[in-house]
Amino acid sequence: MKIKSLFLNLAVALIALIVLFPLVWMTLVSFMPTGEAATFPPPLVPSRWTLEHYRDLFLNQGMGRYLWNSFALATLATILALSFTVPAGYAFAKLKFAGRERLFQLLVAALVVPAQIGTLPLFLMLKGMGLVNTYAGALVPWLASIFGLFLVRQYALSIPDEMLEAARIDGAGEGQIFRRIVLPTLQPIIVTLGLFVFLGSWNDFLWPLIVLTDQSNYTLPVALAALSREHVQDVELMMAGAVVTVAPVLILFLALQRYYIRGMLAGSVKG
């Protein structure tokens, strides 16, 4: 049994090493002098550690501006998505209104429709509203997510009806019930959904590329793609840009992973 456990641990460690190796090598390359990563065979560790590529990104390439754009958009997208999706998910789970089940089934059915299909109609609509090349236009797709609504509804179904009815009998209004009972109960799934939205908005490339035409409004993924066209041979600079793009969301995920895991496990069991 101990031998089997040892082999299992070794297998897990090997898989983890394979998965983490590209990330670790990307980070190491970002600290190499210019041209060192292009040699053959490529070195694993820098011969001389340098921050020149990071200085170039922030001093000459405007990476600070793009970093702020991504952070602002991802944060606003998370706030707006939670503001719309959490109350809607709770309403579909616990409030009774005409056509609730049919409307929810219709929304769930829409999950099979690729999001790219709505890109052109949404762009034309925003163009008519004058929201192209604005942060507001970039935020529109994140206002409400069917997947997020489904996630919150399934978790909210676990809230006992007796607890809500007892609060109503005590004279609590629906707003008080939502703030004082529902929101604390939904905390794990709120953090999980918020993490999903933040990561999705931060990593989104297609929609910001379409709707943000001014270079000063670019997000990190779009800016990095534009930078790669100009510095396609500068591997170390591109790896530094990739580290700047990946590091913030990786730190955020590691900081909130216990809430994320708790929310996903509770949702799978209670839903």
# chains A, B, ... in the order shown; residues from 1 in each chain; ligands from 1

call {"tool": "residues_around", "arguments": {"residues": "A:Val45", "least_positions_apart": "4", "cutoff": "12 Å", "atoms": "only C-alpha atoms", "output": "CSV table (one decimal) with C-alpha atoms, in the first residue's frame"}}
result
chain,number,residue,atom,x,y,z
A,24,VAL,CA,8.5,28.7,-14.8
A,25,TRP,CA,10.5,28.8,-18.0
A,26,MET,CA,8.6,31.8,-19.2
A,27,THR,CA,9.4,33.6,-16.0
A,28,LEU,CA,13.1,32.7,-16.3
A,29,VAL,CA,13.4,33.8,-19.9
A,30,SER,CA,11.9,37.2,-19.0
A,31,PHE,CA,15.1,37.8,-16.9
A,32,MET,CA,17.6,36.7,-19.6
A,33,PRO,CA,19.6,39.2,-21.6
A,36,GLU,CA,19.9,34.5,-25.0
A,37,ALA,CA,16.6,32.5,-25.3
A,41,PRO,CA,19.9,24.6,-27.0
A,49,TRP,CA,19.8,38.2,-14.4
A,50,THR,CA,18.4,41.5,-15.7

call {"tool": "residues_around", "arguments": {"residues": "stretch 151-161 of chain A", "least_positions_apart": "2", "cutoff": "9 Å", "atoms": "only C-alpha atoms", "output": "MDAnalysis selection string"}}
result
chainID A and resid 85:94 146:149 163:166 182 185:186 189:190 193 263 266:268 270:271

call {"tool": "residues_around", "arguments": {"residues": "stretch 61-63 of chain A", "least_positions_apart": "3", "cutoff": "12 Å", "atoms": "only C-alpha atoms", "output": "number ranges by chain"}}
result
A: 53-58, 66-70, 215-224, 226-228, 230-231, 237-238, 240-245

call {"tool": "residues_around", "arguments": {"residues": "stretch 120-135 of chain A", "least_positions_apart": "3", "cutoff": "10 Å", "atoms": "only C-alpha atoms", "output": "PDB file with N, CA and C atoms, in the first residue's frame"}}
result
ATOM      1  N   ASN A  69      -5.732  49.555 -17.529  1.00  0.00           N
ATOM      2  CA  ASN A  69      -6.948  49.315 -18.304  1.00  0.00           C
ATOM      3  C   ASN A  69      -7.537  47.942 -17.986  1.00  0.00           C
ATOM      4  N   ALA A  72      -8.925  47.890 -14.327  1.00  0.00           N
ATOM      5  CA  ALA A  72     -10.160  48.661 -14.183  1.00  0.00           C
ATOM      6  C   ALA A  72     -11.335  47.944 -14.831  1.00  0.00           C
ATOM      7  N   LEU A  73     -11.133  47.439 -16.043  1.00  0.00           N
ATOM      8  CA  LEU A  73     -12.221  46.761 -16.748  1.00  0.00           C
ATOM      9  C   LEU A  73     -12.618  45.465 -16.054  1.00  0.00           C
ATOM     10  N   LEU A  76     -14.522  46.378 -12.760  1.00  0.00           N
ATOM     11  CA  LEU A  76     -15.880  46.865 -13.043  1.00  0.00           C
ATOM     12  C   LEU A  76     -16.762  45.748 -13.587  1.00  0.00           C
ATOM     13  N   GLN A 116     -19.640  33.979 -29.838  1.00  0.00           N
ATOM     14  CA  GLN A 116     -19.124  34.709 -31.005  1.00  0.00           C
ATOM     15  C   GLN A 116     -20.222  35.069 -31.995  1.00  0.00           C
ATOM     16  N   ILE A 117     -21.334  34.309 -31.966  1.00  0.00           N
ATOM     17  CA  ILE A 117     -22.422  34.587 -32.905  1.00  0.00           C
ATOM     18  C   ILE A 117     -23.020  35.971 -32.648  1.00  0.00           C
ATOM     19  N   ALA A 138     -16.924  48.000 -23.725  1.00  0.00           N
ATOM     20  CA  ALA A 138     -16.164  46.793 -23.398  1.00  0.00           C
ATOM     21  C   ALA A 138     -16.798  46.016 -22.255  1.00  0.00           C
ATOM     22  N   LEU A 139     -17.591  46.694 -21.420  1.00  0.00           N
ATOM     23  CA  LEU A 139     -18.188  46.042 -20.246  1.00  0.00           C
ATOM     24  C   LEU A 139     -19.528  45.379 -20.537  1.00  0.00           C
ATOM     25  N   VAL A 140     -20.170  45.737 -21.636  1.00  0.00           N
ATOM     26  CA  VAL A 140     -21.529  45.264 -21.903  1.00  0.00           C
ATOM     27  C   VAL A 140     -21.659  43.735 -21.867  1.00  0.00           C
ATOM     28  N   PRO A 141     -20.760  42.956 -22.493  1.00  0.00           N
ATOM     29  CA  PRO A 141     -20.945  41.490 -22.462  1.00  0.00           C
ATOM     30  C   PRO A 141     -20.857  40.884 -21.071  1.00  0.00           C
ATOM     31  N   TRP A 207     -13.188  40.436 -27.781  1.00  0.00           N
ATOM     32  CA  TRP A 207     -14.095  41.578 -27.691  1.00  0.00           C
ATOM     33  C   TRP A 207     -13.354  42.910 -27.506  1.00  0.00           C
ATOM     34  N   PRO A 208     -12.361  43.010 -26.596  1.00  0.00           N
ATOM     35  CA  PRO A 208     -11.614  44.272 -26.525  1.00  0.00           C
ATOM     36  C   PRO A 208     -10.918  44.630 -27.834  1.00  0.00           C
ATOM     37  N   LEU A 209     -10.440  43.619 -28.571  1.00  0.00           N
ATOM     38  CA  LEU A 209      -9.800  43.880 -29.859  1.00  0.00           C
ATOM     39  C   LEU A 209     -10.785  44.508 -30.834  1.00  0.00           C
ATOM     40  N   ILE A 210     -12.056  44.081 -30.765  1.00  0.00           N
ATOM     41  CA  ILE A 210     -13.067  44.586 -31.691  1.00  0.00           C
ATOM     42  C   ILE A 210     -13.574  45.961 -31.278  1.00  0.00           C
ATOM     43  N   VAL A 211     -13.867  46.150 -30.013  1.00  0.00           N
ATOM     44  CA  VAL A 211     -14.583  47.337 -29.578  1.00  0.00           C
ATOM     45  C   VAL A 211     -13.665  48.489 -29.182  1.00  0.00           C
ATOM     46  N   LEU A 212     -12.411  48.197 -28.795  1.00  0.00           N
ATOM     47  CA  LEU A 212     -11.484  49.252 -28.378  1.00  0.00           C
ATOM     48  C   LEU A 212     -10.503  49.528 -29.510  1.00  0.00           C
ATOM     49  N   THR A 213     -10.750  50.601 -30.243  1.00  0.00           N
ATOM     50  CA  THR A 213      -9.933  50.902 -31.417  1.00  0.00           C
ATOM     51  C   THR A 213      -8.748  51.803 -31.096  1.00  0.00           C
ATOM     52  N   ASP A 214      -8.829  52.565 -30.033  1.00  0.00           N
ATOM     53  CA  ASP A 214      -7.751  53.466 -29.646  1.00  0.00           C
ATOM     54  C   ASP A 214      -6.698  52.688 -28.858  1.00  0.00           C
ATOM     55  N   GLN A 215      -5.441  52.809 -29.251  1.00  0.00           N
ATOM     56  CA  GLN A 215      -4.382  52.038 -28.599  1.00  0.00           C
ATOM     57  C   GLN A 215      -4.266  52.362 -27.113  1.00  0.00           C
ATOM     58  N   ASN A 217      -6.533  52.646 -25.075  1.00  0.00           N
ATOM     59  CA  ASN A 217      -7.560  51.905 -24.340  1.00  0.00           C
ATOM     60  C   ASN A 217      -7.324  50.398 -24.345  1.00  0.00           C
ATOM     61  N   TYR A 218      -6.247  49.936 -24.962  1.00  0.00           N
ATOM     62  CA  TYR A 218      -5.992  48.504 -25.060  1.00  0.00           C
ATOM     63  C   TYR A 218      -5.874  47.860 -23.681  1.00  0.00           C
TER      64      TYR A 218
END

call {"tool": "select_by_dssp", "arguments": {"residues": "stretch 8-190 of chain A", "states": "helix (DSSP H, G or I)", "output": "VMD selection string"}}
result
chain A and resid 8 to 29 36 to 38 52 to 59 63 to 94 100 to 112 115 to 129 135 to 142 146 to 156 161 to 169 174 to 185 187 to 190

call {"tool": "closest_residue", "arguments": {"among": "A:Leu23, A:Thr78, A:Thr119, A:Val112", "to": "A:Ala247", "atoms": "only C-alpha atoms"}}
result
A:Leu23

call {"tool": "atom_distance", "arguments": {"atom1": "atom CA of A:Val246", "atom2": "atom CA of A:Trp202"}}
result
9.4 Å

call {"tool": "atom_distance", "arguments": {"atom1": "atom CA of A:Leu199", "atom2": "atom CA of A:Ala255"}}
result
13.4 Å
